[in-house]
Amino acid sequence: MADYDYDLLVIGAGPGGYVAAIRAAQLGLKTACAEGRETLGGTCLNVGCIPSKALLHASELFEEAHSGALAKFGVNIAGATLDLSAMHGEKAKAVKELTGGIEFLFKKNKVDWLKGYARFTAADTVEVAGRSVRARNIVIATGSSVTPLPGVTIDNEVVIDSTGALALPRVPEHLVVIGGGVIGLELGSVWRRLGARVTVVEYLDQILPGFDGEIRKESAKIFKKQGFEFRTGTKVTGVAVDGGRATVTVEPAAGGAAETIAADAVLVAIGRKPNTDGLGLEAAGLTTNARGQIEIDHEFRTAVPGIRAIGDVVPGPMLAHKAEDEGIAVAEYVAGQTGIINHDVIPSVVYTHPEIAGVGLTEEQARERGEVKVGKFPFAGNSRAKTNRDTDGFVKVVADARTDRVLGVHIISSLAGTMIAQAAQAMEFGATSEDIAYTCHAHPTHAEALKEAAMAVTGKPIHI
Ligand code: FAD
Ligand code: NAI
């Protein structure tokens with residue numbers, strides 16, 4: 001490797017990049033990872049998955065204590081109050097411990113952290129913090145950032161993005177969320193639980209695009225019961241800020257009369273876009289597609305030999321676990337092995353209460369491809385959910401009508417995010433609904449609802 005500094009240079013230390021770098025080093029490659037942030041871990045650990053889940057957990061505890069919901073269990077907590085700065089403090093600790101953990105893993109595995117933003121100067125060379133670094137292989141894992149809404153300026157005081165919504169210093173009285181997707185519902189839940197009135201303005205007719213139709217309908221019902229207000233089929237045409245308050249102008253998506261909504265915070269959550277600005281792709285001979293993504297083949301190779309790309313910057317769902325698994329697979333390809341990831345079986349979870357999770361095809365997608373059978377089981381028939389007095393939601397199993405092979409599983413439940421792993425594993429093993437139905441599930445557990453939904457595919461569940 002005479003004139004190469006590294007066998008592999010990874011650009012970006014998010015879940016895609018840091019995992020790729022560690023796996024490559026484990027496989028014996030001399031590896032560096034360039035990261036411009038102060039801390040490792042990317043969007044996910046710094047301003048994404050981790051701080052949002054910390055606030056979701058803490059705000060759920062607050063709501064339970066404050067709302068009197070525990071009284072029916074004989075737990076009387078009078079006068080529970082909110083200390084928002086303590087809540088932010090605990091979140092910051094989780095972020096610090098986890099980002100510090102990646103730095104430890106880099107040292108342990110001898111991955112060099114090149115501190116700075118990398119820019120291509122040639123197909124095998126980047127400049128980082130004034131230093132030119134040449135690598136035999138380069139993996140682009142630069143992630144994504146918030147999609148701006150034309151005409152709406154994010155000041156991160158009144159008009160905020162997800163990063164601002166993770167750090168609000170006080171609970172807004174009225175939070176308007178633009179976008180009824182994952183971020184809108186998760187961060188909307190946090191501030192609703194802490195006392196805000198939350199209105200979600202969604203362009204489409206329903207929230208949570210991409211999820212199974214019935215799941216979308218049922219979750220909207222549950223969120224409305226919790227106090228969310230939804231303005232679906234509605235578009236925002238402008239946001240004016242004056243004296244710390246916002247006026248949001250909306251009109252029907254199909255066109256019609258405009259009206260205004262007053263708010264003291266507006267969260268813009270209409271999606272994320274790949275990060276390629278300033279990366280010098282042209283110097284490497286690379287371009288992006290119409291959506292700003294870097295196109296790759298099944299071995300993550302871009303159009304330029306020696307350069308691969310993974311994670312949010314390439315097509316596919318923008319999820320941390322997808323980026324991580326691509327990180328492992330790309331390192332294995334670079335090392336001359338075969339990387340394995342099944343893009344048809346990537347679970348997706350919304351960490352609200354209840355959680356919403358899905359893997360594989362939605363019922364609508366499956367029906368477009370052929371004949372299917374569907375089994376459903378409500379948590380109202382699940383003994384553990386009943387015991388916990390927490391029966392919202394159901395499990396739906398979609399199977400091929402001819403082969404019985406499971407094509408998709410969709411769940412609304414307080415434990416949906418954990419339960420979906422079993423469904424994903426069953427699908428990886430090519431399970432039929434009968435395989436799940438004849439697997440012994442411990443009693444009393446929420447997982448029994450998956451077994452009963454599988455029983456409902458070709459026969460009848462017992463408990464409903
Ligand atoms: P990123 O995590 O975005 O990391 C890319 C890194 O590259 C960044 O640190 C950036 O600074 C760095 N970088 C960019 N350009 C350069 C350059 N030129 N040189 C050097 N470094 C550079 N996903 C889930 O699966 N579960 C969740 O619960 C979840 N919650 C989320 C909550 C929020 C609020 C947000 C915003 C996202 C959430 N996501 C979640 C999505 C998840 O964060 C992303 O899918 C994931 O981080 C993508 O990983 P990545 O490695 O591709 O990119
Ligand atoms: P999203 O794509 O999930 O939702 C955006 C929503 O905004 C959609 O419903 C869309 O129809 C709507 N929208 C778009 N333009 C609009 C407009 N002009 N007016 C009103 N509504 C509009 O994007 P979101 O919530 O910003 O999250 C970005 C990504 O981050 C997610 O897609 C996901 O990949 C990732 N993420 C994952 C999480 C998880 O796995 N739990 C949590 C948070 C984010």
# chains A, B, ... in the order shown; residues from 1 in each chain; ligands from 1
$ residues_near_ligand --ligand "ligand 2" --cutoff "6 Å" --atoms "only C-alpha atoms and all ligand atoms" --output "list in words"
Ile178, Gly179, Gly180, Gly181, Val182, Ile183, Gly184, Val201, Glu202, Tyr203, Leu204, Ile207, Leu208, Pro209, Lys235, Val236, Ala269, Ile270, Gly271, Arg272, Pro317, Met318, Leu319, Ser348, Val349, Val350 and Tyr351 of chain A
$ write_last_selection --atoms "N, CA and C atoms" --output "PDB file, in the first residue's frame"
ATOM      1  N   ILE A 178     -45.224  20.773  11.464  1.00  0.00           N
ATOM      2  CA  ILE A 178     -45.467  20.645  10.022  1.00  0.00           C
ATOM      3  C   ILE A 178     -44.898  19.296   9.597  1.00  0.00           C
ATOM      4  N   GLY A 179     -45.787  18.355   9.264  1.00  0.00           N
ATOM      5  CA  GLY A 179     -45.365  17.004   8.872  1.00  0.00           C
ATOM      6  C   GLY A 179     -45.800  15.965   9.894  1.00  0.00           C
ATOM      7  N   GLY A 180     -46.728  15.093   9.476  1.00  0.00           N
ATOM      8  CA  GLY A 180     -47.226  14.042  10.373  1.00  0.00           C
ATOM      9  C   GLY A 180     -46.480  12.747  10.160  1.00  0.00           C
ATOM     10  N   GLY A 181     -45.148  12.834  10.087  1.00  0.00           N
ATOM     11  CA  GLY A 181     -44.314  11.640   9.944  1.00  0.00           C
ATOM     12  C   GLY A 181     -43.738  11.235  11.290  1.00  0.00           C
ATOM     13  N   VAL A 182     -42.629  10.517  11.234  1.00  0.00           N
ATOM     14  CA  VAL A 182     -42.061   9.926  12.452  1.00  0.00           C
ATOM     15  C   VAL A 182     -41.610  10.996  13.438  1.00  0.00           C
ATOM     16  N   ILE A 183     -40.881  12.002  12.945  1.00  0.00           N
ATOM     17  CA  ILE A 183     -40.368  13.023  13.859  1.00  0.00           C
ATOM     18  C   ILE A 183     -41.521  13.825  14.460  1.00  0.00           C
ATOM     19  N   GLY A 184     -42.486  14.199  13.619  1.00  0.00           N
ATOM     20  CA  GLY A 184     -43.618  14.977  14.111  1.00  0.00           C
ATOM     21  C   GLY A 184     -44.343  14.265  15.235  1.00  0.00           C
ATOM     22  N   VAL A 201     -49.890  19.498  11.169  1.00  0.00           N
ATOM     23  CA  VAL A 201     -50.392  19.824   9.828  1.00  0.00           C
ATOM     24  C   VAL A 201     -49.716  18.868   8.848  1.00  0.00           C
ATOM     25  N   GLU A 202     -50.512  18.045   8.195  1.00  0.00           N
ATOM     26  CA  GLU A 202     -49.963  17.020   7.293  1.00  0.00           C
ATOM     27  C   GLU A 202     -50.543  17.230   5.892  1.00  0.00           C
ATOM     28  N   TYR A 203     -49.664  17.228   4.928  1.00  0.00           N
ATOM     29  CA  TYR A 203     -50.061  17.468   3.533  1.00  0.00           C
ATOM     30  C   TYR A 203     -50.973  16.344   3.001  1.00  0.00           C
ATOM     31  N   LEU A 204     -50.631  15.101   3.326  1.00  0.00           N
ATOM     32  CA  LEU A 204     -51.405  13.965   2.801  1.00  0.00           C
ATOM     33  C   LEU A 204     -52.705  13.785   3.599  1.00  0.00           C
ATOM     34  N   ILE A 207     -51.691  10.474   8.361  1.00  0.00           N
ATOM     35  CA  ILE A 207     -50.343  10.570   8.927  1.00  0.00           C
ATOM     36  C   ILE A 207     -49.554   9.292   8.591  1.00  0.00           C
ATOM     37  N   LEU A 208     -48.281   9.312   8.891  1.00  0.00           N
ATOM     38  CA  LEU A 208     -47.369   8.174   8.799  1.00  0.00           C
ATOM     39  C   LEU A 208     -47.318   7.486   7.438  1.00  0.00           C
ATOM     40  N   PRO A 209     -46.956   8.223   6.395  1.00  0.00           N
ATOM     41  CA  PRO A 209     -46.837   7.579   5.084  1.00  0.00           C
ATOM     42  C   PRO A 209     -45.819   6.441   5.117  1.00  0.00           C
ATOM     43  N   LYS A 235     -51.831  22.109   3.619  1.00  0.00           N
ATOM     44  CA  LYS A 235     -50.440  22.522   3.406  1.00  0.00           C
ATOM     45  C   LYS A 235     -50.169  23.870   4.075  1.00  0.00           C
ATOM     46  N   VAL A 236     -48.921  24.029   4.507  1.00  0.00           N
ATOM     47  CA  VAL A 236     -48.499  25.294   5.105  1.00  0.00           C
ATOM     48  C   VAL A 236     -47.971  26.163   3.975  1.00  0.00           C
ATOM     49  N   ALA A 269     -40.888  19.326  10.184  1.00  0.00           N
ATOM     50  CA  ALA A 269     -40.472  17.910  10.147  1.00  0.00           C
ATOM     51  C   ALA A 269     -41.069  17.270   8.907  1.00  0.00           C
ATOM     52  N   ILE A 270     -40.578  17.705   7.740  1.00  0.00           N
ATOM     53  CA  ILE A 270     -41.161  17.223   6.481  1.00  0.00           C
ATOM     54  C   ILE A 270     -40.214  16.284   5.744  1.00  0.00           C
ATOM     55  N   GLY A 271     -39.251  15.732   6.467  1.00  0.00           N
ATOM     56  CA  GLY A 271     -38.345  14.769   5.845  1.00  0.00           C
ATOM     57  C   GLY A 271     -36.896  15.225   5.952  1.00  0.00           C
ATOM     58  N   ARG A 272     -35.999  14.384   5.453  1.00  0.00           N
ATOM     59  CA  ARG A 272     -34.562  14.684   5.515  1.00  0.00           C
ATOM     60  C   ARG A 272     -33.940  14.503   4.141  1.00  0.00           C
ATOM     61  N   PRO A 317     -34.699   3.396   3.151  1.00  0.00           N
ATOM     62  CA  PRO A 317     -35.200   4.068   4.352  1.00  0.00           C
ATOM     63  C   PRO A 317     -34.070   4.735   5.132  1.00  0.00           C
ATOM     64  N   MET A 318     -34.359   5.887   5.710  1.00  0.00           N
ATOM     65  CA  MET A 318     -33.337   6.613   6.493  1.00  0.00           C
ATOM     66  C   MET A 318     -33.430   6.150   7.933  1.00  0.00           C
ATOM     67  N   LEU A 319     -32.823   5.006   8.218  1.00  0.00           N
ATOM     68  CA  LEU A 319     -32.910   4.421   9.552  1.00  0.00           C
ATOM     69  C   LEU A 319     -31.522   4.021  10.039  1.00  0.00           C
ATOM     70  N   SER A 348     -39.237  -1.042  10.930  1.00  0.00           N
ATOM     71  CA  SER A 348     -39.388   0.401  11.113  1.00  0.00           C
ATOM     72  C   SER A 348     -40.241   0.618  12.353  1.00  0.00           C
ATOM     73  N   VAL A 349     -39.800   1.490  13.251  1.00  0.00           N
ATOM     74  CA  VAL A 349     -40.508   1.658  14.530  1.00  0.00           C
ATOM     75  C   VAL A 349     -40.707   3.142  14.832  1.00  0.00           C
ATOM     76  N   VAL A 350     -41.916   3.488  15.256  1.00  0.00           N
ATOM     77  CA  VAL A 350     -42.179   4.842  15.761  1.00  0.00           C
ATOM     78  C   VAL A 350     -42.301   4.703  17.271  1.00  0.00           C
ATOM     79  N   TYR A 351     -41.454   5.455  18.007  1.00  0.00           N
ATOM     80  CA  TYR A 351     -41.344   5.214  19.456  1.00  0.00           C
ATOM     81  C   TYR A 351     -42.295   6.088  20.270  1.00  0.00           C
TER      82      TYR A 351
END
$ residues_around --residues "Tyr6 (chain A)" --least-positions-apart "2" --cutoff "6 Å" --atoms "only C-alpha atoms" --output "ChimeraX atom specification"
/A:4,8,30-31,135
$ closest_atom_pairs --of "chain A" --to "ligand 1" --cutoff "7 Å" --atoms "only C-alpha atoms and all ligand atoms" --output "JSON lines"
{"residue": "A:Ile11", "atom": "CA", "partner": "ligand 1", "partner_atom_place_in_ligand_line": "20 (C)", "distance": 5.0}
{"residue": "A:Gly12", "atom": "CA", "partner": "ligand 1", "partner_atom_place_in_ligand_line": "7 (O)", "distance": 3.2}
{"residue": "A:Ala13", "atom": "CA", "partner": "ligand 1", "partner_atom_place_in_ligand_line": "6 (C)", "distance": 4.9}
{"residue": "A:Gly14", "atom": "CA", "partner": "ligand 1", "partner_atom_place_in_ligand_line": "4 (O)", "distance": 3.4}
{"residue": "A:Pro15", "atom": "CA", "partner": "ligand 1", "partner_atom_place_in_ligand_line": "51 (O)", "distance": 4.1}
{"residue": "A:Gly16", "atom": "CA", "partner": "ligand 1", "partner_atom_place_in_ligand_line": "51 (O)", "distance": 3.5}
{"residue": "A:Gly17", "atom": "CA", "partner": "ligand 1", "partner_atom_place_in_ligand_line": "51 (O)", "distance": 5.1}
{"residue": "A:Ala34", "atom": "CA", "partner": "ligand 1", "partner_atom_place_in_ligand_line": "20 (C)", "distance": 4.7}
{"residue": "A:Glu35", "atom": "CA", "partner": "ligand 1", "partner_atom_place_in_ligand_line": "21 (N)", "distance": 3.7}
{"residue": "A:Gly36", "atom": "CA", "partner": "ligand 1", "partner_atom_place_in_ligand_line": "21 (N)", "distance": 4.6}
{"residue": "A:Arg37", "atom": "CA", "partner": "ligand 1", "partner_atom_place_in_ligand_line": "11 (O)", "distance": 4.9}
{"residue": "A:Leu40", "atom": "CA", "partner": "ligand 1", "partner_atom_place_in_ligand_line": "9 (O)", "distance": 6.6}
{"residue": "A:Gly41", "atom": "CA", "partner": "ligand 1", "partner_atom_place_in_ligand_line": "9 (O)", "distance": 6.2}
{"residue": "A:Gly42", "atom": "CA", "partner": "ligand 1", "partner_atom_place_in_ligand_line": "9 (O)", "distance": 3.1}
{"residue": "A:Thr43", "atom": "CA", "partner": "ligand 1", "partner_atom_place_in_ligand_line": "2 (O)", "distance": 3.7}
{"residue": "A:Cys44", "atom": "CA", "partner": "ligand 1", "partner_atom_place_in_ligand_line": "43 (O)", "distance": 3.5}
{"residue": "A:Val47", "atom": "CA", "partner": "ligand 1", "partner_atom_place_in_ligand_line": "34 (C)", "distance": 6.0}
{"residue": "A:Gly48", "atom": "CA", "partner": "ligand 1", "partner_atom_place_in_ligand_line": "33 (C)", "distance": 3.3}
{"residue": "A:Cys49", "atom": "CA", "partner": "ligand 1", "partner_atom_place_in_ligand_line": "30 (N)", "distance": 3.3}
{"residue": "A:Ile50", "atom": "CA", "partner": "ligand 1", "partner_atom_place_in_ligand_line": "28 (O)", "distance": 7.0}
{"residue": "A:Ser52", "atom": "CA", "partner": "ligand 1", "partner_atom_place_in_ligand_line": "32 (C)", "distance": 5.8}
{"residue": "A:Lys53", "atom": "CA", "partner": "ligand 1", "partner_atom_place_in_ligand_line": "28 (O)", "distance": 6.7}
{"residue": "A:Gly116", "atom": "CA", "partner": "ligand 1", "partner_atom_place_in_ligand_line": "20 (C)", "distance": 5.9}
{"residue": "A:Tyr117", "atom": "CA", "partner": "ligand 1", "partner_atom_place_in_ligand_line": "19 (N)", "distance": 3.4}
{"residue": "A:Ala118", "atom": "CA", "partner": "ligand 1", "partner_atom_place_in_ligand_line": "19 (N)", "distance": 3.8}
{"residue": "A:Arg119", "atom": "CA", "partner": "ligand 1", "partner_atom_place_in_ligand_line": "18 (N)", "distance": 5.6}
{"residue": "A:Ala141", "atom": "CA", "partner": "ligand 1", "partner_atom_place_in_ligand_line": "52 (O)", "distance": 5.3}
{"residue": "A:Thr142", "atom": "CA", "partner": "ligand 1", "partner_atom_place_in_ligand_line": "7 (O)", "distance": 3.7}
{"residue": "A:Gly143", "atom": "CA", "partner": "ligand 1", "partner_atom_place_in_ligand_line": "53 (O)", "distance": 3.1}
{"residue": "A:Ser144", "atom": "CA", "partner": "ligand 1", "partner_atom_place_in_ligand_line": "3 (O)", "distance": 4.7}
{"residue": "A:Ser145", "atom": "CA", "partner": "ligand 1", "partner_atom_place_in_ligand_line": "3 (O)", "distance": 6.8}
{"residue": "A:Ser162", "atom": "CA", "partner": "ligand 1", "partner_atom_place_in_ligand_line": "34 (C)", "distance": 5.1}
{"residue": "A:Thr163", "atom": "CA", "partner": "ligand 1", "partner_atom_place_in_ligand_line": "34 (C)", "distance": 6.6}
{"residue": "A:Ile183", "atom": "CA", "partner": "ligand 1", "partner_atom_place_in_ligand_line": "34 (C)", "distance": 5.8}
{"residue": "A:Asn275", "atom": "CA", "partner": "ligand 1", "partner_atom_place_in_ligand_line": "15 (N)", "distance": 6.0}
{"residue": "A:Thr276", "atom": "CA", "partner": "ligand 1", "partner_atom_place_in_ligand_line": "15 (N)", "distance": 6.8}
{"residue": "A:Gly278", "atom": "CA", "partner": "ligand 1", "partner_atom_place_in_ligand_line": "18 (N)", "distance": 6.5}
{"residue": "A:Leu279", "atom": "CA", "partner": "ligand 1", "partner_atom_place_in_ligand_line": "18 (N)", "distance": 4.8}
{"residue": "A:Ile310", "atom": "CA", "partner": "ligand 1", "partner_atom_place_in_ligand_line": "52 (O)", "distance": 6.3}
{"residue": "A:Gly311", "atom": "CA", "partner": "ligand 1", "partner_atom_place_in_ligand_line": "52 (O)", "distance": 3.4}
{"residue": "A:Asp312", "atom": "CA", "partner": "ligand 1", "partner_atom_place_in_ligand_line": "52 (O)", "distance": 4.0}
{"residue": "A:Val313", "atom": "CA", "partner": "ligand 1", "partner_atom_place_in_ligand_line": "52 (O)", "distance": 6.0}
{"residue": "A:Met318", "atom": "CA", "partner": "ligand 1", "partner_atom_place_in_ligand_line": "45 (O)", "distance": 4.0}
{"residue": "A:Leu319", "atom": "CA", "partner": "ligand 1", "partner_atom_place_in_ligand_line": "45 (O)", "distance": 3.3}
{"residue": "A:Ala320", "atom": "CA", "partner": "ligand 1", "partner_atom_place_in_ligand_line": "25 (O)", "distance": 3.7}
{"residue": "A:His321", "atom": "CA", "partner": "ligand 1", "partner_atom_place_in_ligand_line": "25 (O)", "distance": 5.2}
{"residue": "A:Ala323", "atom": "CA", "partner": "ligand 1", "partner_atom_place_in_ligand_line": "49 (O)", "distance": 5.2}
{"residue": "A:Tyr351", "atom": "CA", "partner": "ligand 1", "partner_atom_place_in_ligand_line": "28 (O)", "distance": 6.8}
$ write_last_selection --atoms "C-alpha atoms" --output "PDB file, in the first residue's frame"
ATOM      1  CA  ILE A  11     -16.387   9.821   5.590  1.00  0.00           C
ATOM      2  CA  GLY A  12     -18.867  10.413   8.423  1.00  0.00           C
ATOM      3  CA  ALA A  13     -19.091   8.728  11.829  1.00  0.00           C
ATOM      4  CA  GLY A  14     -22.837   8.122  12.110  1.00  0.00           C
ATOM      5  CA  PRO A  15     -24.253   4.604  12.632  1.00  0.00           C
ATOM      6  CA  GLY A  16     -23.282   3.755   9.046  1.00  0.00           C
ATOM      7  CA  GLY A  17     -19.770   5.181   9.074  1.00  0.00           C
ATOM      8  CA  ALA A  34     -13.348  11.564   9.046  1.00  0.00           C
ATOM      9  CA  GLU A  35     -15.959  13.327  11.165  1.00  0.00           C
ATOM     10  CA  GLY A  36     -16.498  17.060  11.403  1.00  0.00           C
ATOM     11  CA  ARG A  37     -18.737  17.076  14.482  1.00  0.00           C
ATOM     12  CA  LEU A  40     -18.766  10.729  17.084  1.00  0.00           C
ATOM     13  CA  GLY A  41     -22.067   8.931  16.435  1.00  0.00           C
ATOM     14  CA  GLY A  42     -23.607  11.154  13.757  1.00  0.00           C
ATOM     15  CA  THR A  43     -27.196  12.357  13.705  1.00  0.00           C
ATOM     16  CA  CYS A  44     -28.429   9.278  15.551  1.00  0.00           C
ATOM     17  CA  VAL A  47     -29.367  14.827  17.637  1.00  0.00           C
ATOM     18  CA  GLY A  48     -31.532  11.878  16.553  1.00  0.00           C
ATOM     19  CA  CYS A  49     -32.428   8.435  17.893  1.00  0.00           C
ATOM     20  CA  ILE A  50     -30.738   8.748  21.274  1.00  0.00           C
ATOM     21  CA  SER A  52     -35.282  11.719  21.186  1.00  0.00           C
ATOM     22  CA  LYS A  53     -35.698   8.378  22.936  1.00  0.00           C
ATOM     23  CA  GLY A 116     -12.806  17.698  10.299  1.00  0.00           C
ATOM     24  CA  TYR A 117     -15.054  17.743   7.256  1.00  0.00           C
ATOM     25  CA  ALA A 118     -13.613  15.796   4.340  1.00  0.00           C
ATOM     26  CA  ARG A 119     -13.695  17.046   0.767  1.00  0.00           C
ATOM     27  CA  ALA A 141     -21.445   7.824   4.967  1.00  0.00           C
ATOM     28  CA  THR A 142     -22.264  11.504   5.308  1.00  0.00           C
ATOM     29  CA  GLY A 143     -25.900  10.975   6.337  1.00  0.00           C
ATOM     30  CA  SER A 144     -28.713  13.463   6.008  1.00  0.00           C
ATOM     31  CA  SER A 145     -30.064  16.704   7.370  1.00  0.00           C
ATOM     32  CA  SER A 162     -35.811  18.326  15.174  1.00  0.00           C
ATOM     33  CA  THR A 163     -32.553  19.469  16.779  1.00  0.00           C
ATOM     34  CA  ILE A 183     -40.368  13.023  13.859  1.00  0.00           C
ATOM     35  CA  ASN A 275     -25.657  15.409   2.884  1.00  0.00           C
ATOM     36  CA  THR A 276     -23.426  15.953  -0.146  1.00  0.00           C
ATOM     37  CA  GLY A 278     -19.247  20.641   0.268  1.00  0.00           C
ATOM     38  CA  LEU A 279     -18.125  17.053  -0.237  1.00  0.00           C
ATOM     39  CA  ILE A 310     -24.054   3.706   2.642  1.00  0.00           C
ATOM     40  CA  GLY A 311     -26.721   4.975   5.036  1.00  0.00           C
ATOM     41  CA  ASP A 312     -28.970   8.009   4.656  1.00  0.00           C
ATOM     42  CA  VAL A 313     -26.944   9.360   1.716  1.00  0.00           C
ATOM     43  CA  MET A 318     -33.337   6.613   6.493  1.00  0.00           C
ATOM     44  CA  LEU A 319     -32.910   4.421   9.552  1.00  0.00           C
ATOM     45  CA  ALA A 320     -29.991   3.915  11.908  1.00  0.00           C
ATOM     46  CA  HIS A 321     -30.159   0.094  11.923  1.00  0.00           C
ATOM     47  CA  ALA A 323     -27.150   2.267   8.065  1.00  0.00           C
ATOM     48  CA  TYR A 351     -41.344   5.214  19.456  1.00  0.00           C
TER      49      TYR A 351
END
$ closest_residue --among "A:His343, A:Arg131, A:Arg308, A:Lys224" --to "Lys322 (chain A)" --atoms "only C-alpha atoms"
A:His343
$ residues_around --residues "region 401-408 of chain A" --least-positions-apart "2" --cutoff "6 Å" --atoms "only C-alpha atoms" --output "compact mmCIF listing (two decimals) with all heavy atoms, in the first residue's frame"
# COMPACT_ATOMS: atom_id res chain seq x y z
N VAL A 359 -42.66 -4.49 9.47
CA VAL A 359 -41.55 -5.07 8.71
C VAL A 359 -42.13 -5.77 7.49
O VAL A 359 -43.23 -6.33 7.54
CB VAL A 359 -40.70 -6.03 9.59
CG1 VAL A 359 -41.51 -7.23 10.06
CG2 VAL A 359 -39.44 -6.48 8.86
N GLY A 360 -41.39 -5.70 6.37
CA GLY A 360 -41.86 -6.35 5.14
C GLY A 360 -42.92 -5.52 4.44
O GLY A 360 -43.00 -4.30 4.61
N LEU A 361 -43.78 -6.22 3.67
CA LEU A 361 -44.77 -5.53 2.86
C LEU A 361 -45.97 -5.10 3.69
O LEU A 361 -46.42 -5.84 4.58
CB LEU A 361 -45.27 -6.44 1.73
CG LEU A 361 -44.22 -6.97 0.75
CD1 LEU A 361 -44.91 -7.87 -0.30
CD2 LEU A 361 -43.48 -5.83 0.06
N GLU A 371 -52.19 -12.80 -4.32
CA GLU A 371 -53.21 -13.10 -3.32
C GLU A 371 -52.60 -13.25 -1.94
O GLU A 371 -51.57 -13.92 -1.79
CB GLU A 371 -53.90 -14.40 -3.69
CG GLU A 371 -55.26 -14.15 -4.32
CD GLU A 371 -56.01 -15.45 -4.50
OE1 GLU A 371 -56.42 -16.03 -3.48
OE2 GLU A 371 -56.11 -15.88 -5.66
N VAL A 372 -53.26 -12.66 -0.96
CA VAL A 372 -52.71 -12.76 0.40
C VAL A 372 -53.79 -13.18 1.38
O VAL A 372 -54.99 -13.06 1.11
CB VAL A 372 -52.12 -11.41 0.88
CG1 VAL A 372 -50.99 -10.96 0.00
CG2 VAL A 372 -53.19 -10.33 0.97
N LYS A 373 -53.33 -13.67 2.54
CA LYS A 373 -54.24 -13.92 3.65
C LYS A 373 -53.75 -13.07 4.81
O LYS A 373 -52.52 -12.92 4.99
CB LYS A 373 -54.20 -15.39 4.05
CG LYS A 373 -54.99 -16.26 3.12
CD LYS A 373 -55.16 -17.63 3.70
CE LYS A 373 -55.98 -18.49 2.76
NZ LYS A 373 -55.85 -19.90 3.08
N VAL A 398 -49.42 -10.58 7.48
CA VAL A 398 -49.81 -10.69 6.08
C VAL A 398 -49.00 -11.84 5.48
O VAL A 398 -47.76 -11.84 5.55
CB VAL A 398 -49.48 -9.38 5.31
CG1 VAL A 398 -49.93 -9.49 3.86
CG2 VAL A 398 -50.12 -8.18 5.99
N ALA A 399 -49.70 -12.83 4.93
CA ALA A 399 -49.00 -14.00 4.38
C ALA A 399 -49.44 -14.27 2.95
O ALA A 399 -50.55 -13.91 2.55
CB ALA A 399 -49.28 -15.23 5.25
N ALA A 431 -40.15 -17.96 7.32
CA ALA A 431 -41.23 -18.62 8.07
C ALA A 431 -42.59 -18.47 7.39
O ALA A 431 -42.85 -17.48 6.70
CB ALA A 431 -41.31 -18.01 9.47
N THR A 432 -43.44 -19.47 7.61
CA THR A 432 -44.85 -19.35 7.24
C THR A 432 -45.61 -18.87 8.48
O THR A 432 -45.08 -18.91 9.60
CB THR A 432 -45.41 -20.73 6.84
OG1 THR A 432 -45.24 -21.61 7.96
CG2 THR A 432 -44.68 -21.29 5.63
N SER A 433 -46.87 -18.47 8.27
CA SER A 433 -47.66 -18.05 9.45
C SER A 433 -47.86 -19.25 10.37
O SER A 433 -47.89 -19.11 11.59
CB SER A 433 -49.00 -17.45 9.01
OG SER A 433 -49.90 -18.46 8.63
$ select_by_dssp --residues "region 9-118 of chain A" --states "strand (DSSP E or B)" --output "list in words"
Leu9, Val10, Ile11, Thr31, Ala32, Cys33, Ala34, Glu35, Asp112, Trp113, Leu114, Lys115 and Ala118 of chain A
$ write_last_selection --atoms "N, CA and C atoms" --output "CSV table (one decimal), in the first residue's frame"
chain,number,residue,atom,x,y,z
A,9,LEU,N,-10.9,4.7,4.0
A,9,LEU,CA,-11.3,5.9,4.7
A,9,LEU,C,-12.8,6.0,4.6
A,10,VAL,N,-13.4,6.2,5.8
A,10,VAL,CA,-14.8,6.4,5.9
A,10,VAL,C,-15.1,7.8,6.1
A,11,ILE,N,-16.0,8.4,5.4
A,11,ILE,CA,-16.4,9.8,5.6
A,11,ILE,C,-17.7,9.9,6.3
A,31,THR,N,-7.6,1.7,8.9
A,31,THR,CA,-8.8,2.4,8.7
A,31,THR,C,-8.8,3.8,9.4
A,32,ALA,N,-9.3,4.8,8.7
A,32,ALA,CA,-9.6,6.1,9.3
A,32,ALA,C,-11.0,6.5,9.0
A,33,CYS,N,-11.5,7.3,9.9
A,33,CYS,CA,-12.9,7.9,9.7
A,33,CYS,C,-12.8,9.4,9.9
A,34,ALA,N,-13.3,10.1,8.9
A,34,ALA,CA,-13.3,11.6,9.0
A,34,ALA,C,-14.7,12.0,9.6
A,35,GLU,N,-14.7,12.8,10.6
A,35,GLU,CA,-16.0,13.3,11.2
A,35,GLU,C,-15.7,14.8,11.6
A,112,ASP,N,-8.4,5.5,13.2
A,112,ASP,CA,-8.0,6.9,13.3
A,112,ASP,C,-9.1,7.8,13.1
A,113,TRP,N,-9.4,8.7,14.0
A,113,TRP,CA,-10.5,9.7,13.8
A,113,TRP,C,-9.8,10.9,13.2
A,114,LEU,N,-10.1,11.2,12.0
A,114,LEU,CA,-9.6,12.5,11.3
A,114,LEU,C,-10.6,13.6,11.6
A,115,LYS,N,-10.3,14.5,12.5
A,115,LYS,CA,-11.3,15.5,12.9
A,115,LYS,C,-11.4,16.6,11.9
A,118,ALA,N,-14.4,16.3,5.5
A,118,ALA,CA,-13.6,15.8,4.3
A,118,ALA,C,-14.2,16.3,3.0
$ closest_atom_pairs --of "region 138-252 of chain A" --to "region 375-387 of chain A" --cutoff "12 Å" --atoms "only C-alpha atoms" --output "CSV"
residue,atom,partner,partner_atom,distance
A:Glu214,CA,A:Lys376,CA,10.9
A:Ile215,CA,A:Lys376,CA,11.5
A:Glu218,CA,A:Pro378,CA,11.5
